[in-house]
$ cat entry_14.txt   # compact mmCIF, C-alpha atoms and all ligand atoms
# COMPACT_ATOMS: atom_id res chain seq x y z
CA MET A 469 -6.82 5.91 -2.04
CA LEU A 470 -5.92 9.19 -0.43
CA LEU A 471 -7.38 9.82 2.99
CA SER A 472 -7.67 13.36 4.22
CA ILE A 473 -8.91 14.04 7.75
CA LYS A 474 -10.02 17.63 8.35
CA ASP A 475 -10.94 19.34 11.60
CA THR A 476 -14.41 20.47 10.60
CA PHE A 477 -17.21 20.03 8.06
CA GLU A 478 -16.26 23.41 6.57
CA ASP A 479 -12.61 22.34 6.13
CA MET A 480 -13.74 19.10 4.51
CA SER A 481 -16.04 21.01 2.15
CA ARG A 482 -13.32 23.54 1.23
CA GLU A 483 -10.81 20.81 0.42
CA ALA A 484 -13.27 19.06 -1.90
CA ALA A 485 -14.21 22.39 -3.55
CA LYS A 486 -10.55 23.23 -4.15
CA LEU A 487 -10.00 19.90 -5.84
CA ILE A 488 -13.00 20.37 -8.11
CA ALA A 489 -12.08 23.98 -8.93
CA ASP A 490 -8.60 22.81 -9.87
CA ARG A 491 -10.04 20.19 -12.23
CA ILE A 492 -12.36 22.79 -13.83
CA HIS A 493 -9.41 25.13 -14.35
CA ARG A 494 -7.51 22.33 -16.07
CA LYS A 495 -10.54 21.21 -18.10
CA PRO A 496 -13.39 23.76 -18.35
CA SER A 497 -15.64 21.13 -19.95
CA LEU A 498 -15.29 18.84 -16.92
CA VAL A 499 -17.86 16.05 -16.52
CA LEU A 500 -18.81 16.15 -12.86
CA GLY A 501 -20.79 13.50 -11.00
CA LEU A 502 -22.89 14.87 -8.14
CA ALA A 503 -24.71 13.65 -5.04
CA THR A 504 -27.60 15.02 -3.00
CA GLY A 505 -28.01 14.78 0.78
CA SER A 506 -26.66 16.87 3.61
CA THR A 507 -22.98 15.94 3.18
CA PRO A 508 -22.21 17.84 -0.06
CA LEU A 509 -24.11 20.98 0.97
CA GLY A 510 -20.93 22.66 2.29
CA LEU A 511 -19.11 21.75 -0.91
CA TYR A 512 -21.87 23.32 -3.05
CA LYS A 513 -21.84 26.43 -0.85
CA GLU A 514 -18.10 26.80 -1.30
CA LEU A 515 -18.28 26.24 -5.09
CA ILE A 516 -21.02 28.90 -5.27
CA ARG A 517 -18.77 31.27 -3.33
CA MET A 518 -15.88 30.55 -5.69
CA HIS A 519 -18.17 31.25 -8.64
CA LYS A 520 -19.39 34.56 -7.20
CA GLU A 521 -16.14 35.84 -5.70
CA GLU A 522 -13.40 34.19 -7.73
CA GLY A 523 -14.99 33.82 -11.14
CA LEU A 524 -15.04 30.02 -11.19
CA SER A 525 -17.16 29.22 -14.24
CA PHE A 526 -19.36 26.17 -14.78
CA ALA A 527 -20.50 27.34 -18.22
CA LYS A 528 -18.93 24.38 -19.99
CA VAL A 529 -19.26 21.83 -17.18
CA THR A 530 -21.63 18.87 -17.56
CA THR A 531 -23.10 17.27 -14.44
CA PHE A 532 -24.56 13.81 -13.87
CA ASN A 533 -26.43 13.17 -10.65
CA LEU A 534 -26.24 9.79 -9.00
CA ASP A 535 -29.89 9.13 -8.38
CA GLU A 536 -33.54 10.18 -8.32
CA TYR A 537 -36.79 8.90 -6.84
CA ILE A 538 -39.21 7.22 -9.20
CA GLY A 539 -42.60 8.95 -9.36
CA LEU A 540 -41.60 12.44 -8.25
CA PRO A 541 -41.73 15.23 -10.83
CA ARG A 542 -38.81 17.66 -11.00
CA THR A 543 -40.99 20.32 -9.41
CA HIS A 544 -41.56 18.23 -6.26
CA PRO A 545 -39.58 19.75 -3.35
CA GLN A 546 -38.27 16.30 -2.39
CA SER A 547 -37.08 15.38 -5.87
CA TYR A 548 -33.33 15.34 -6.26
CA TYR A 549 -33.60 17.56 -9.32
CA TYR A 550 -35.32 20.21 -7.19
CA PHE A 551 -32.69 19.77 -4.46
CA MET A 552 -29.84 20.29 -6.93
CA TRP A 553 -31.51 23.28 -8.50
CA GLU A 554 -32.15 24.98 -5.16
CA ASN A 555 -28.82 24.18 -3.52
CA PHE A 556 -26.45 24.51 -6.43
CA PHE A 557 -27.49 24.96 -10.04
CA LYS A 558 -29.56 28.14 -9.70
CA HIS A 559 -26.61 29.92 -8.06
CA ILE A 560 -24.00 29.22 -10.76
CA ASP A 561 -23.60 29.79 -14.49
CA ILE A 562 -24.22 26.19 -15.55
CA ASP A 563 -25.99 25.63 -18.87
CA ARG A 564 -29.30 23.84 -18.20
CA ARG A 565 -28.70 21.65 -21.25
CA TYR A 566 -25.64 20.19 -19.58
CA ILE A 567 -27.44 19.08 -16.41
CA TYR A 568 -28.30 15.39 -16.14
CA VAL A 569 -30.45 14.05 -13.30
CA PRO A 570 -32.22 10.71 -13.83
CA ASN A 571 -35.86 11.31 -14.75
CA GLY A 572 -38.07 9.59 -12.18
CA MET A 573 -41.12 10.28 -14.36
CA ALA A 574 -39.79 8.57 -17.50
CA THR A 575 -42.39 6.28 -19.05
CA ASP A 576 -39.80 3.66 -19.95
CA ILE A 577 -37.54 3.66 -16.89
CA GLU A 578 -35.32 0.82 -18.09
CA GLY A 579 -34.80 2.51 -21.44
CA HIS A 580 -34.05 5.73 -19.60
CA CYS A 581 -31.38 4.02 -17.46
CA GLU A 582 -29.73 2.70 -20.63
CA TRP A 583 -29.86 6.16 -22.18
CA TYR A 584 -28.27 7.67 -19.04
CA GLU A 585 -25.37 5.21 -19.23
CA ASN A 586 -24.94 5.96 -22.94
CA GLU A 587 -24.89 9.70 -22.35
CA ILE A 588 -22.10 9.26 -19.79
CA LYS A 589 -20.16 7.20 -22.35
CA ARG A 590 -20.86 9.70 -25.16
CA LEU A 591 -19.21 12.40 -23.04
CA ASP A 592 -16.17 10.18 -22.47
CA GLY A 593 -17.10 9.26 -18.91
CA ILE A 594 -17.29 11.12 -15.63
CA ASP A 595 -14.09 12.97 -14.73
CA VAL A 596 -14.79 13.54 -11.04
CA GLN A 597 -17.56 11.82 -9.08
CA VAL A 598 -18.66 13.23 -5.71
CA LEU A 599 -20.08 10.66 -3.27
CA GLY A 600 -21.65 10.69 0.16
CA ILE A 601 -21.99 7.51 2.19
CA GLY A 602 -24.95 6.06 4.06
CA ALA A 603 -24.58 4.96 7.69
CA ASN A 604 -24.94 1.39 6.34
CA GLY A 605 -22.18 1.93 3.75
CA HIS A 606 -24.43 2.58 0.76
CA ILE A 607 -23.35 4.80 -2.12
CA ALA A 608 -26.02 6.43 -4.27
CA PHE A 609 -29.02 4.07 -3.80
CA ASN A 610 -26.79 1.00 -3.93
CA GLU A 611 -27.76 -0.55 -0.62
CA PRO A 612 -25.81 -3.38 1.09
CA GLY A 613 -25.89 -6.47 -1.12
CA SER A 614 -25.92 -4.53 -4.41
CA SER A 615 -23.76 -6.03 -7.12
CA LEU A 616 -20.35 -4.40 -7.17
CA GLY A 617 -20.52 -4.44 -10.98
CA SER A 618 -24.02 -2.93 -11.25
CA ARG A 619 -25.05 -0.29 -13.80
CA THR A 620 -27.71 2.44 -13.74
CA ARG A 621 -30.98 0.73 -12.84
CA ILE A 622 -34.13 0.69 -10.72
CA LYS A 623 -33.63 -0.11 -7.04
CA THR A 624 -36.20 -0.78 -4.33
CA LEU A 625 -35.36 1.22 -1.23
CA THR A 626 -34.77 -0.68 1.99
CA GLU A 627 -37.32 -0.30 4.77
CA GLN A 628 -34.70 1.62 6.76
CA THR A 629 -34.10 4.13 3.94
CA VAL A 630 -37.87 4.65 3.51
CA LYS A 631 -38.14 5.24 7.28
CA ASP A 632 -35.13 7.61 7.28
CA ASN A 633 -36.61 9.60 4.41
CA ALA A 634 -40.10 9.80 5.92
CA ARG A 635 -39.12 12.95 7.82
CA PHE A 636 -39.11 14.84 4.52
CA PHE A 637 -42.64 13.76 3.55
CA LYS A 638 -46.07 14.13 5.14
CA SER A 639 -46.25 10.37 5.81
CA THR A 640 -44.28 7.14 5.22
CA GLU A 641 -46.84 6.21 2.53
CA GLU A 642 -45.79 9.22 0.48
CA VAL A 643 -42.09 8.24 0.42
CA PRO A 644 -41.20 6.75 -2.96
CA LYS A 645 -40.30 3.08 -2.64
CA THR A 646 -38.16 2.88 -5.75
CA ALA A 647 -35.43 4.98 -7.29
CA ILE A 648 -33.14 5.17 -10.30
CA THR A 649 -29.50 4.93 -9.30
CA MET A 650 -26.17 4.82 -11.02
CA GLY A 651 -24.64 1.40 -10.41
CA ILE A 652 -21.47 0.68 -8.50
CA GLY A 653 -19.80 -0.32 -11.77
CA THR A 654 -20.87 3.01 -13.28
CA ILE A 655 -19.46 4.96 -10.33
CA MET A 656 -16.17 3.04 -10.39
CA GLU A 657 -15.58 4.08 -14.02
CA ALA A 658 -15.28 7.74 -12.97
CA LYS A 659 -11.68 8.87 -13.48
CA GLU A 660 -11.52 10.35 -9.98
CA ILE A 661 -13.80 9.87 -6.98
CA ILE A 662 -14.24 12.17 -3.98
CA LEU A 663 -16.02 10.47 -1.09
CA LEU A 664 -17.13 12.82 1.67
CA ALA A 665 -18.33 12.03 5.18
CA ASN A 666 -18.82 14.00 8.35
CA SER A 667 -20.11 13.34 11.88
CA THR A 668 -19.87 10.30 14.15
CA SER A 669 -22.97 8.80 12.55
CA LYS A 670 -20.70 7.92 9.61
CA ALA A 671 -17.69 6.70 11.65
CA ARG A 672 -18.50 2.99 11.41
CA ALA A 673 -19.33 3.19 7.69
CA ILE A 674 -16.04 5.01 7.00
CA LYS A 675 -14.06 2.44 8.98
CA GLU A 676 -15.69 -0.43 7.08
CA ALA A 677 -15.32 1.30 3.71
CA VAL A 678 -11.68 2.32 4.19
CA GLU A 679 -10.23 -0.45 6.36
CA GLY A 680 -12.66 -3.34 6.06
CA PRO A 681 -12.82 -6.10 3.49
CA ILE A 682 -14.22 -5.20 0.07
CA MET A 683 -17.71 -6.66 -0.08
CA ALA A 684 -21.16 -6.07 -1.46
CA MET A 685 -22.52 -5.72 2.09
CA VAL A 686 -20.50 -2.48 2.32
CA PRO A 687 -20.90 -0.98 -1.17
CA ALA A 688 -18.56 1.95 -0.42
CA SER A 689 -15.68 -0.49 0.31
CA ILE A 690 -15.24 -0.91 -3.47
CA ILE A 691 -13.56 2.51 -3.42
CA GLN A 692 -10.40 0.70 -2.19
CA MET A 693 -10.10 -0.68 -5.73
CA HIS A 694 -10.20 2.75 -7.38
CA ARG A 695 -6.94 4.18 -8.64
CA LYS A 696 -7.73 7.82 -7.87
CA ALA A 697 -10.08 8.05 -4.93
CA TYR A 698 -9.97 10.82 -2.34
CA VAL A 699 -11.71 10.14 0.95
CA ILE A 700 -12.18 13.49 2.65
CA VAL A 701 -13.73 13.31 6.10
CA ASP A 702 -13.99 15.35 9.26
CA LYS A 703 -12.43 14.16 12.53
CA ALA A 704 -15.71 12.75 13.82
CA ALA A 705 -16.23 10.54 10.75
CA ALA A 706 -12.58 9.41 11.03
CA SER A 707 -12.87 8.61 14.74
CA ALA A 708 -13.24 4.82 14.34
CA LEU A 709 -10.29 4.40 11.95
CA THR A 710 -7.35 2.36 13.21
CA HIS A 711 -4.93 4.27 10.98
CA GLN A 712 -5.67 7.93 11.44
CA PHE A 713 -3.06 9.38 9.14
CA ASN A 714 -3.46 11.71 6.23
CA GLY A 715 -2.08 10.54 2.93
C1 LIG B 1 -27.57 10.98 -2.56
C2 LIG B 1 -26.92 9.69 -2.36
C3 LIG B 1 -26.86 9.04 -1.01
C4 LIG B 1 -26.23 9.92 0.05
C5 LIG B 1 -26.12 9.19 1.39
C6 LIG B 1 -25.66 10.11 2.50
O1 LIG B 1 -27.53 11.37 -3.91
O2 LIG B 1 -26.45 9.17 -3.31
O3 LIG B 1 -26.14 7.84 -1.12
O4 LIG B 1 -24.96 10.34 -0.36
O5 LIG B 1 -27.35 8.64 1.75
O6 LIG B 1 -26.63 11.07 2.75
P1 LIG B 1 -26.36 12.33 3.68
O7 LIG B 1 -25.30 13.13 3.00
O8 LIG B 1 -27.65 13.08 3.74
O9 LIG B 1 -25.90 11.79 4.99

$ encode --input "entry_14.txt" --output "C-alpha cells" --more "lines below"
Ligand code: F6R
Amino acid sequence: MLLSIKDTFEDMSREAAKLIADRIHRKPSLVLGLATGSTPLGLYKELIRMHKEEGLSFAKVTTFNLDEYIGLPRTHPQSYYYFMWENFFKHIDIDRRYIYVPNGMATDIEGHCEWYENEIKRLDGIDVQVLGIGANGHIAFNEPGSSLGSRTRIKTLTEQTVKDNARFFKSTEEVPKTAITMGIGTIMEAKEIILLANSTSKARAIKEAVEGPIMAMVPASIIQMHRKAYVIVDKAAASALTHQFNG
C-alpha cells in the first residue's frame, strides 16, 4: 500500500488524475472503476481539464461504477448514473456504450448483479478502481459487517446512511432503502486501487483502514491486503495516522 499525503484537496485530486492519465496513456482501452460522492469530484474536474487542454482521450476507456440506488431511474437527479453523467461523462469523449452503472430499475436485480460481474470478467477485470470511504469505513455500499469476500449484490442501507442521504431528497421517506453495490471481493480483484479521502471527517476512518486490524467492521481495511493500492489523502484526513510518512 502506498500512502500519499497531500496538502490540499486539489493536490490530492491532481495526483489521482495524473495516475489515471498515465494508465490511459499506457493502455487506451483502460477499464476504470468509478465512485460517486463528493470526494472524487476534484479528480473528475482535473480529468476533464486534461481532456480539454491536454488531449487526454477516453474514447476507448470502459468505466464500471461501484453502485446505484434501487428504484431510481437514470434520469432522477439523485441517481448515480445522473451524477456521473453531469459531473464527468458529458464533459469527455467517452463512448456511451462503454459506460457501466448498475441499473437500479432492472426487473431481475439478482440476475443483473450476476451480469454486471460477468461483464467485468469479460473485459478482463478492472484495471484501476477509484474508491471513496465513508466516515464509518464503508466502501461502495459495503457497510460495516459486510463480507470481505462479497460480490455485486443488493444491500439494505443502514439507518445512518439513509439519514445522511436525506439531505438530497425532499424527505427521508423518498430516500431509497436498498442499493446495488459491487462487493468487497469484486473491488479487491481490481489490478490497482486508488482510495481517496479528504477532510477531518474521514480521519478516523483512514486511521482504521490504514493502520487498524483488517476486519469486516471496517470494510476499507481490506485494502491493506491489496498488492497495488494507493491511498491518496489530504493532510486533514491523514491527521489521525500514527505514521504520517509518504511512501
Ligand atoms: C459512492 C460510494 C461511497 C462513497 C462514500 C464517501 O459511489 O461508493 O462509498 O465513496 O460514501 O462519500 P463522499 O465522497 O461523498 O464523502

$ closest_residue --input "entry_14.txt" --among "A:Leu599, A:Val529, A:Leu515, A:Ile473" --to "ligand LIG 1 (chain B)" --atoms "all atoms listed in the file"
A:Leu599

$ residues_around --input "entry_14.txt" --residues "segment 534-545 of chain A" --least-positions-apart "3" --cutoff "10 Å" --atoms "all atoms listed in the file" --output "PyMOL selection string"
chain A and resi 501-504+531+548-551+553-554+568-574+577+597-599+607-610+620-625+636-637+643-651+654-655

$ axis_aligned_box --input "entry_14.txt" --around "segment 632-651 of chain A" --padding-each-side "4 Å" --output "AutoDock Vina command-line options"
--center_x -35.7 --center_y 8.1 --center_z -1.6 --size_x 30.2 --size_y 21.4 --size_z 26.8

$ closest_residue --input "entry_14.txt" --among "A:Asp576, A:Glu627, A:Glu582, A:Glu587" --to "Glu641 of chain A" --atoms "all atoms listed in the file"
A:Glu627

$ residues_near_point --input "entry_14.txt" --point "(-7.0, 0.9, 4.5)" --cutoff "10 Å" --atoms "all atoms listed in the file" --output "list in words"
Met469, Leu470, Leu471, Lys675, Glu676, Ala677, Val678, Glu679, Gly680, Pro681, Ser689, Gln692, Leu709, Thr710, His711 and Gln712 of chain A

$ closest_residue --input "entry_14.txt" --among "A:Ala673, A:Ile682, A:Ala708, A:Ala603" --to "ligand LIG 1 (chain B)" --atoms "all atoms listed in the file"
A:Ala603

$ closest_residue --input "entry_14.txt" --among "A:Ser614, A:Val596, A:Pro687, A:Asn555" --to "Ile488 of chain A" --atoms "all atoms listed in the file"
A:Val596

$ atom_distance --input "entry_14.txt" --atom1 "atom CA of Asn586 of chain A" --atom2 "atom CA of Glu657 of chain A"
13.1 Å

$ atom_distance --input "entry_14.txt" --atom1 "atom CA of His493 of chain A" --atom2 "atom CA of Leu524 of chain A"
8.1 Å

$ atom_distance --input "entry_14.txt" --atom1 "atom CA of Gly617 of chain A" --atom2 "atom CA of Arg491 of chain A"
26.8 Å

$ closest_residue --input "entry_14.txt" --among "A:Gly523, A:Gly653, A:Gly605, A:Gly579" --to "ligand LIG 1 (chain B)" --atoms "all atoms listed in the file"
A:Gly605

$ closest_residue --input "entry_14.txt" --among "A:Met518, A:Ala665, A:Ala484, A:Ile691" --to "Ile601 of chain A" --atoms "only C-alpha atoms"
A:Ala665

$ residues_around --input "entry_14.txt" --residues "Glu514 of chain A" --least-positions-apart "3" --cutoff "8 Å" --atoms "all atoms listed in the file" --output "mmCIF file with C-alpha atoms, in the coordinates of the input"
data_model
loop_
_atom_site.group_PDB
_atom_site.id
_atom_site.type_symbol
_atom_site.label_atom_id
_atom_site.label_comp_id
_atom_site.auth_asym_id
_atom_site.auth_seq_id
_atom_site.Cartn_x
_atom_site.Cartn_y
_atom_site.Cartn_z
ATOM 1 C CA SER A 481 -16.040 21.010 2.150
ATOM 2 C CA ARG A 482 -13.320 23.540 1.230
ATOM 3 C CA ALA A 485 -14.210 22.390 -3.550
ATOM 4 C CA GLY A 510 -20.930 22.660 2.290
ATOM 5 C CA LEU A 511 -19.110 21.750 -0.910
ATOM 6 C CA ARG A 517 -18.770 31.270 -3.330
ATOM 7 C CA MET A 518 -15.880 30.550 -5.690
#
